[in-house]
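Dropping work-v4.txt in here (compact mmCIF, C-alpha atoms and all ligand atoms):
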```
# COMPACT_ATOMS: atom_id res chain seq x y z
CA MET G 1 25.15 18.18 -1.99
CA THR G 2 21.71 17.50 -0.54
CA ASP G 3 19.82 14.91 -2.58
CA LEU G 4 16.33 15.86 -3.74
CA TYR G 5 13.22 13.73 -3.47
CA ALA G 6 9.50 14.47 -3.78
CA VAL G 7 6.02 13.01 -3.83
CA PHE G 8 3.78 13.76 -6.82
CA GLY G 9 0.01 13.56 -6.60
CA ASN G 10 -3.29 15.35 -6.96
CA PRO G 11 -4.48 16.22 -4.37
CA ILE G 12 -1.23 16.34 -2.39
CA ASN G 13 -1.84 18.78 0.44
CA HIS G 14 -2.51 16.16 3.10
CA SER G 15 0.32 13.83 2.06
CA LYS G 16 2.22 12.48 5.06
CA SER G 17 5.19 11.38 2.93
CA PRO G 18 7.36 14.48 3.55
CA SER G 19 7.02 14.06 7.29
CA ILE G 20 7.68 10.30 7.14
CA HIS G 21 10.80 10.70 4.99
CA ARG G 22 12.06 13.57 7.14
CA GLN G 23 11.88 11.26 10.15
CA PHE G 24 13.65 8.44 8.25
CA ALA G 25 16.41 10.85 7.10
CA GLU G 26 16.95 12.15 10.64
CA GLN G 27 17.02 8.65 12.06
CA THR G 28 19.60 7.40 9.55
CA GLY G 29 21.61 10.64 9.15
CA GLN G 30 20.92 10.99 5.43
CA ASP G 31 21.44 14.34 3.72
CA MET G 32 18.23 14.62 1.73
CA HIS G 33 15.43 17.06 1.08
CA TYR G 34 11.89 15.79 0.41
CA THR G 35 9.02 17.96 -0.86
CA LYS G 36 5.47 17.44 -2.06
CA GLN G 37 4.35 18.62 -5.47
CA LEU G 38 0.85 19.10 -6.81
CA VAL G 39 0.81 17.92 -10.41
CA ASN G 40 -2.03 18.78 -12.80
CA GLU G 41 -3.78 15.93 -14.57
CA GLY G 42 -2.10 15.40 -17.95
CA GLU G 43 1.18 16.95 -16.80
CA PHE G 44 2.81 14.06 -14.97
CA GLU G 45 5.40 13.25 -17.65
CA LYS G 46 6.48 16.87 -18.00
CA ALA G 47 6.78 17.33 -14.24
CA ALA G 48 8.70 14.07 -13.72
CA GLN G 49 11.02 14.85 -16.63
CA GLU G 50 11.79 18.28 -15.18
CA PHE G 51 12.34 16.88 -11.70
CA PHE G 52 14.93 14.36 -12.86
CA GLU G 53 16.58 16.80 -15.29
CA GLN G 54 17.10 19.16 -12.36
CA GLY G 55 18.99 16.44 -10.52
CA GLY G 56 16.14 14.87 -8.50
CA LYS G 57 17.06 11.43 -7.17
CA GLY G 58 13.70 9.83 -6.54
CA LEU G 59 9.93 10.26 -6.49
CA ASN G 60 7.00 8.76 -4.68
CA ILE G 61 3.87 8.66 -6.76
CA THR G 62 0.37 8.73 -5.41
CA VAL G 63 -3.18 9.02 -6.77
CA PRO G 64 -3.86 9.44 -9.67
CA PHE G 65 -0.47 8.97 -11.29
CA LYS G 66 0.68 5.41 -10.51
CA LEU G 67 -0.10 4.22 -14.04
CA ASN G 68 1.66 7.25 -15.57
CA ALA G 69 4.68 6.45 -13.41
CA TYR G 70 4.56 2.85 -14.63
CA ALA G 71 4.75 4.06 -18.23
CA PHE G 72 7.38 6.69 -17.40
CA ALA G 73 9.84 4.22 -15.85
CA GLN G 74 12.55 3.01 -18.25
CA GLN G 75 13.00 -0.16 -16.25
CA ARG G 76 10.69 -1.83 -13.72
CA THR G 77 11.06 -4.32 -10.87
CA ALA G 78 9.21 -7.63 -11.20
CA ARG G 79 6.79 -6.65 -8.43
CA ALA G 80 5.99 -3.37 -10.19
CA GLU G 81 5.31 -5.30 -13.42
CA ARG G 82 2.93 -7.57 -11.50
CA ALA G 83 1.27 -4.67 -9.72
CA GLY G 84 0.77 -2.87 -13.04
CA ALA G 85 1.52 0.34 -11.17
CA VAL G 86 4.53 2.24 -9.84
CA ASN G 87 4.63 4.17 -6.56
CA THR G 88 8.39 4.79 -6.47
CA LEU G 89 10.80 6.09 -9.11
CA ALA G 90 14.55 6.11 -8.59
CA ARG G 91 17.30 7.51 -10.77
CA LEU G 92 20.02 4.89 -10.90
CA SER G 93 23.70 5.86 -11.09
CA ASN G 94 23.71 5.23 -14.86
CA GLY G 95 20.81 7.69 -15.25
CA THR G 96 18.12 5.06 -15.88
CA ILE G 97 14.75 5.71 -14.21
CA LEU G 98 13.70 2.59 -12.31
CA GLY G 99 10.05 2.03 -11.33
CA ASP G 100 9.13 -0.02 -8.26
CA ASN G 101 5.97 -0.75 -6.32
CA THR G 102 6.52 -0.93 -2.56
CA ASP G 103 2.88 -0.96 -1.43
CA GLY G 104 2.57 -4.73 -1.08
CA ILE G 105 5.87 -5.28 0.67
CA GLY G 106 5.01 -2.33 2.94
CA MET G 107 1.80 -4.08 3.97
CA VAL G 108 3.47 -7.48 4.45
CA HIS G 109 6.24 -5.92 6.60
CA ASP G 110 3.60 -4.17 8.68
CA MET G 111 1.88 -7.50 9.29
CA HIS G 112 5.23 -8.99 10.36
CA ASN G 113 5.75 -6.06 12.74
CA LEU G 114 2.32 -6.76 14.18
CA GLY G 115 3.39 -10.36 14.75
CA TRP G 116 0.89 -11.81 12.27
CA GLU G 117 1.84 -15.12 10.68
CA LEU G 118 0.89 -15.41 6.98
CA GLU G 119 2.42 -18.73 6.05
CA GLY G 120 -0.15 -21.52 5.72
CA LYS G 121 -3.04 -19.14 6.46
CA ARG G 122 -6.33 -18.71 4.59
CA ILE G 123 -6.45 -15.11 3.47
CA LEU G 124 -9.49 -13.26 2.15
CA ILE G 125 -8.93 -10.03 0.30
CA LEU G 126 -11.86 -7.73 -0.40
CA GLY G 127 -11.77 -5.73 -3.63
CA ALA G 128 -10.10 -6.22 -6.98
CA GLY G 129 -8.90 -2.74 -7.92
CA GLY G 130 -5.43 -1.25 -8.14
CA ALA G 131 -4.84 -1.41 -4.38
CA VAL G 132 -5.39 -5.17 -4.31
CA ARG G 133 -3.41 -5.84 -7.45
CA GLY G 134 -0.52 -3.94 -5.86
CA VAL G 135 -0.25 -6.28 -2.87
CA LEU G 136 -0.90 -9.73 -4.34
CA GLN G 137 2.64 -10.74 -5.27
CA PRO G 138 4.27 -9.93 -1.90
CA LEU G 139 1.31 -11.57 -0.14
CA LEU G 140 1.61 -14.78 -2.17
CA GLU G 141 5.36 -14.86 -1.57
CA GLU G 142 4.55 -15.42 2.11
CA ASN G 143 3.18 -18.87 1.18
CA PRO G 144 -0.37 -18.61 2.51
CA ALA G 145 -2.50 -21.76 2.14
CA GLN G 146 -4.91 -19.86 -0.08
CA VAL G 147 -5.84 -16.33 -1.12
CA VAL G 148 -9.48 -15.69 -1.99
CA ILE G 149 -10.29 -12.45 -3.81
CA ALA G 150 -13.90 -11.35 -3.33
CA ASN G 151 -15.27 -8.43 -5.27
CA ARG G 152 -18.59 -6.78 -6.07
CA THR G 153 -17.78 -7.05 -9.77
CA PHE G 154 -16.88 -10.72 -9.96
CA ALA G 155 -15.22 -10.52 -13.40
CA LYS G 156 -12.53 -8.23 -12.00
CA ALA G 157 -11.72 -10.68 -9.19
CA GLU G 158 -11.61 -13.51 -11.72
CA GLU G 159 -9.24 -11.62 -13.99
CA LEU G 160 -6.91 -10.79 -11.08
CA ALA G 161 -6.88 -14.35 -9.76
CA LYS G 162 -6.00 -15.63 -13.23
CA ASN G 163 -3.07 -13.23 -13.45
CA PHE G 164 -1.52 -14.43 -10.18
CA LEU G 165 -2.29 -18.16 -10.33
CA ASP G 166 1.31 -19.01 -11.16
CA LEU G 167 2.37 -17.60 -7.78
CA GLY G 168 0.05 -19.67 -5.58
CA ASP G 169 -3.49 -20.80 -4.83
CA VAL G 170 -5.62 -17.75 -5.71
CA GLN G 171 -9.36 -17.96 -6.19
CA ALA G 172 -12.03 -15.44 -7.11
CA LYS G 173 -15.40 -15.36 -5.34
CA THR G 174 -18.48 -13.22 -5.08
CA PHE G 175 -19.47 -12.02 -1.60
CA GLU G 176 -22.39 -14.49 -1.65
CA GLN G 177 -19.99 -17.36 -2.27
CA LEU G 178 -18.24 -16.63 1.02
CA VAL G 179 -21.13 -18.00 3.06
CA GLY G 180 -19.94 -20.97 5.12
CA GLU G 181 -16.23 -20.20 4.68
CA THR G 182 -13.82 -18.97 7.34
CA PHE G 183 -10.54 -17.10 7.05
CA ASP G 184 -7.54 -16.47 9.30
CA ILE G 185 -6.79 -13.10 7.76
CA VAL G 186 -9.22 -10.70 6.08
CA ILE G 187 -7.82 -7.66 4.25
CA ASN G 188 -10.03 -4.82 3.10
CA GLY G 189 -8.72 -3.42 -0.16
CA THR G 190 -11.98 -1.85 -1.35
CA SER G 191 -12.46 1.88 -1.43
CA ALA G 192 -15.85 1.34 0.25
CA SER G 193 -14.61 2.43 3.70
CA MET G 194 -13.86 5.88 2.35
CA GLN G 195 -17.60 6.32 1.82
CA GLY G 196 -18.31 4.67 5.16
CA GLU G 197 -19.61 1.59 3.38
CA LEU G 198 -18.96 -2.07 3.96
CA PRO G 199 -19.05 -4.87 1.38
CA PRO G 200 -21.92 -7.29 2.13
CA LEU G 201 -20.00 -9.80 4.25
CA PRO G 202 -21.62 -12.92 5.69
CA ASP G 203 -21.53 -13.52 9.47
CA ASN G 204 -19.14 -16.18 10.80
CA LEU G 205 -16.45 -15.29 8.27
CA LEU G 206 -13.66 -15.13 10.83
CA ALA G 207 -11.74 -18.18 12.00
CA GLU G 208 -10.55 -18.39 15.60
CA ASN G 209 -7.77 -15.86 16.28
CA ALA G 210 -8.48 -14.07 13.01
CA CYS G 211 -6.63 -10.91 12.02
CA CYS G 212 -8.32 -8.12 10.05
CA TYR G 213 -6.43 -5.44 8.15
CA ASP G 214 -7.80 -2.35 6.45
CA MET G 215 -5.55 -0.75 3.83
CA MET G 216 -7.25 2.55 4.71
CA TYR G 217 -6.63 4.45 7.91
CA GLY G 218 -8.08 7.40 9.75
CA ALA G 219 -8.33 9.01 13.15
CA GLU G 220 -11.16 6.65 14.05
CA PRO G 221 -11.32 2.90 13.37
CA THR G 222 -12.72 2.29 9.88
CA ILE G 223 -16.17 0.76 9.42
CA PHE G 224 -14.47 -2.48 8.33
CA LEU G 225 -12.40 -2.67 11.52
CA ARG G 226 -15.49 -1.98 13.61
CA TRP G 227 -17.21 -4.85 11.78
CA ALA G 228 -14.15 -7.03 12.48
CA LYS G 229 -14.27 -6.31 16.22
CA ASP G 230 -18.01 -6.98 16.33
CA PHE G 231 -17.50 -10.36 14.70
CA GLY G 232 -14.73 -11.42 17.05
CA ALA G 233 -11.44 -10.62 15.29
CA ALA G 234 -8.53 -11.24 17.67
CA HIS G 235 -6.35 -8.56 16.05
CA VAL G 236 -7.15 -5.57 13.86
CA ALA G 237 -4.94 -2.98 12.17
CA ASP G 238 -5.45 -0.07 9.82
CA GLY G 239 -3.24 0.95 6.90
CA LEU G 240 -1.06 3.54 8.64
CA GLY G 241 1.69 0.95 9.05
CA MET G 242 1.36 0.07 5.36
CA LEU G 243 1.77 3.73 4.39
CA ILE G 244 4.91 4.01 6.50
CA GLY G 245 6.10 0.58 5.36
CA GLN G 246 5.85 1.45 1.67
CA ALA G 247 7.77 4.66 2.40
CA ALA G 248 10.48 2.67 4.21
CA GLU G 249 10.93 0.40 1.19
CA ALA G 250 11.15 3.39 -1.15
CA PHE G 251 13.75 4.92 1.21
CA TYR G 252 15.68 1.65 1.10
CA LEU G 253 15.61 1.62 -2.71
CA TRP G 254 16.98 5.18 -2.80
CA ARG G 255 19.47 5.10 0.09
CA GLN G 256 20.22 1.37 0.64
CA ILE G 257 19.45 1.88 4.33
CA ARG G 258 16.42 0.42 6.04
CA PRO G 259 14.89 2.89 8.51
CA GLU G 260 13.04 1.87 11.67
CA VAL G 261 9.29 2.05 11.03
CA VAL G 262 7.85 1.45 14.50
CA PRO G 263 8.90 4.81 16.09
CA VAL G 264 7.53 6.62 13.04
CA ILE G 265 4.22 4.73 13.25
CA THR G 266 3.98 5.63 16.95
CA ALA G 267 4.72 9.30 16.32
CA MET G 268 2.25 9.58 13.43
CA ARG G 269 -0.46 7.76 15.35
CA ARG G 270 -0.06 10.27 18.19
CA GLN G 271 -0.15 13.19 15.74
CA ILE G 272 -3.35 11.93 14.08
CA ALA G 273 -5.04 11.43 17.45
CA GLU G 274 -4.06 14.93 18.64
CA LYS G 275 -5.26 16.54 15.41
CA ASN G 276 -8.56 14.74 15.82
CA LYS G 277 -8.98 16.19 19.32
CA GLN G 278 -8.53 19.78 18.12
P1 LIG Q 301 -8.18 1.37 -5.85
O1 LIG Q 301 -7.09 1.84 -6.77
O2 LIG Q 301 -8.29 2.11 -4.56
O3 LIG Q 301 -8.16 -0.10 -5.65
P2 LIG Q 301 -10.32 1.03 -7.72
O4 LIG Q 301 -9.40 0.43 -8.71
O5 LIG Q 301 -11.35 2.02 -8.18
O6 LIG Q 301 -9.53 1.80 -6.58
O7 LIG Q 301 -11.03 -0.15 -6.92
C1 LIG Q 301 -11.96 0.06 -5.90
C2 LIG Q 301 -12.37 -1.30 -5.33
O8 LIG Q 301 -13.31 -1.08 -4.26
C3 LIG Q 301 -13.08 -2.18 -6.34
O9 LIG Q 301 -12.78 -3.52 -6.04
C4 LIG Q 301 -14.55 -1.85 -6.07
O10 LIG Q 301 -15.45 -2.87 -6.47
P3 LIG Q 301 -15.93 -2.97 -8.02
O11 LIG Q 301 -14.78 -3.59 -8.76
O12 LIG Q 301 -17.12 -3.84 -7.97
O13 LIG Q 301 -16.22 -1.56 -8.44
C5 LIG Q 301 -14.53 -1.74 -4.57
N1 LIG Q 301 -15.66 -0.97 -4.02
C6 LIG Q 301 -15.81 0.36 -4.05
N2 LIG Q 301 -16.94 0.73 -3.40
C7 LIG Q 301 -17.52 -0.41 -2.95
C8 LIG Q 301 -18.70 -0.71 -2.19
N3 LIG Q 301 -19.51 0.26 -1.77
N4 LIG Q 301 -18.95 -2.02 -1.90
C9 LIG Q 301 -18.12 -3.00 -2.31
N5 LIG Q 301 -17.00 -2.77 -3.03
C10 LIG Q 301 -16.70 -1.51 -3.34
```

Could I get this file's structure written as structure tokens?
Amino acid sequence: MTDLYAVFGNPINHSKSPSIHRQFAEQTGQDMHYTKQLVNEGEFEKAAQEFFEQGGKGLNITVPFKLNAYAFAQQRTARAERAGAVNTLARLSNGTILGDNTDGIGMVHDMHNLGWELEGKRILILGAGGAVRGVLQPLLEENPAQVVIANRTFAKAEELAKNFLDLGDVQAKTFEQLVGETFDIVINGTSASMQGELPPLPDNLLAENACCYDMMYGAEPTIFLRWAKDFGAAHVADGLGMLIGQAAEAFYLWRQIRPEVVPVITAMRRQIAEKNKQ
């Protein structure tokens, strides 16, 4: 029988997850059906309950339900506990609903695919919201020399840094405190780019050969990646590879098969560019 999967969110219309998972299933010969479902605010638990009762095998969870999914899971992976949010639910063979968070590992794998070295590097991460919290553990597991979290609201950066200190050298800073510092890797995890805004970054922030990563993506380079190019970044990447990477890890959790991400990234990149031309 075909196994059922879905992504829950609100809004959900533009979700690329069904297309990504269809490509993974084709590639690996898996018999699965993946749909998207618009869930009303306040109805996540009911919808998830129904989905699993009807035999559903796994869910991806997107905005605004990652905290609901965290609470819904009967068991959670260590990285989901750390992230404080769940983007993947899986029904295990004993019926237990397991919650995982694959966002951070998706981003780290994308950086590996891009050939970026993280070990021993000075990493700056902009923002201290859910997106940043979701990636800190996998990032620290790469053994960077230091991770600096800079955020508009300093207290939030401080709180985050405190929560991850046992995993490595993590420091909180304000944007002003970045003056005079340089970083090998700068990651934008703020939602500022969605409004076409940029955090107030000092000049000369990028070390030689610096890499800049935006967790957001779009048809055009984000304002952060344009800033990065202007200030001499050697390599830049947007978050499309992270999106496909987190999907690949969810697929692996469900099917125990790791799909190839690069052909899917290439295909989606082409699709986005063509859509933009229309
Ligand atoms: P997400 O789940 O996407 O991380 P969030 O938890 O609302 O969303 O966090 C948004 C992040 O973007 C926060 O770090 C926020 O900074 P504050 O903590 O100071 O609010 C940051 N952010 C949003 N708009 C910004 C802007 N225009 N300039 C700088 N930072 C911004």

Would you list the residues that come within 6 Å of ligand LIG 301 (chain Q)? Count all atoms listed in the file and give the answer as a PyMOL selection string.
-> chain G and resi 127-132+151-153+190-192+197-199

What separates atom CA of Ala47 of chain G and atom CA of Arg22 of chain G is a distance of 22.3 Å

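You can rank G:Gly58, G:Pro11, G:Gly245, G:Gly218 by their closest distance to Asp110 of chain G using all atoms listed in the file, and at the top of that list sits G:Gly245.
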
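Residues with any atom within 7 Å of Ala233 of chain G, counting all atoms listed in the file and excluding same-chain neighbours fewer than 5 positions away, are Leu206, Asn209, Ala210, Cys211, Cys212 and Ala228 of chain G.
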
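Of the listed residues (G:Asn87, G:Ser93, G:Asn188, G:Gln30), G:Asn87 comes nearest to Gln246 of chain G; the distances count all atoms listed in the file.
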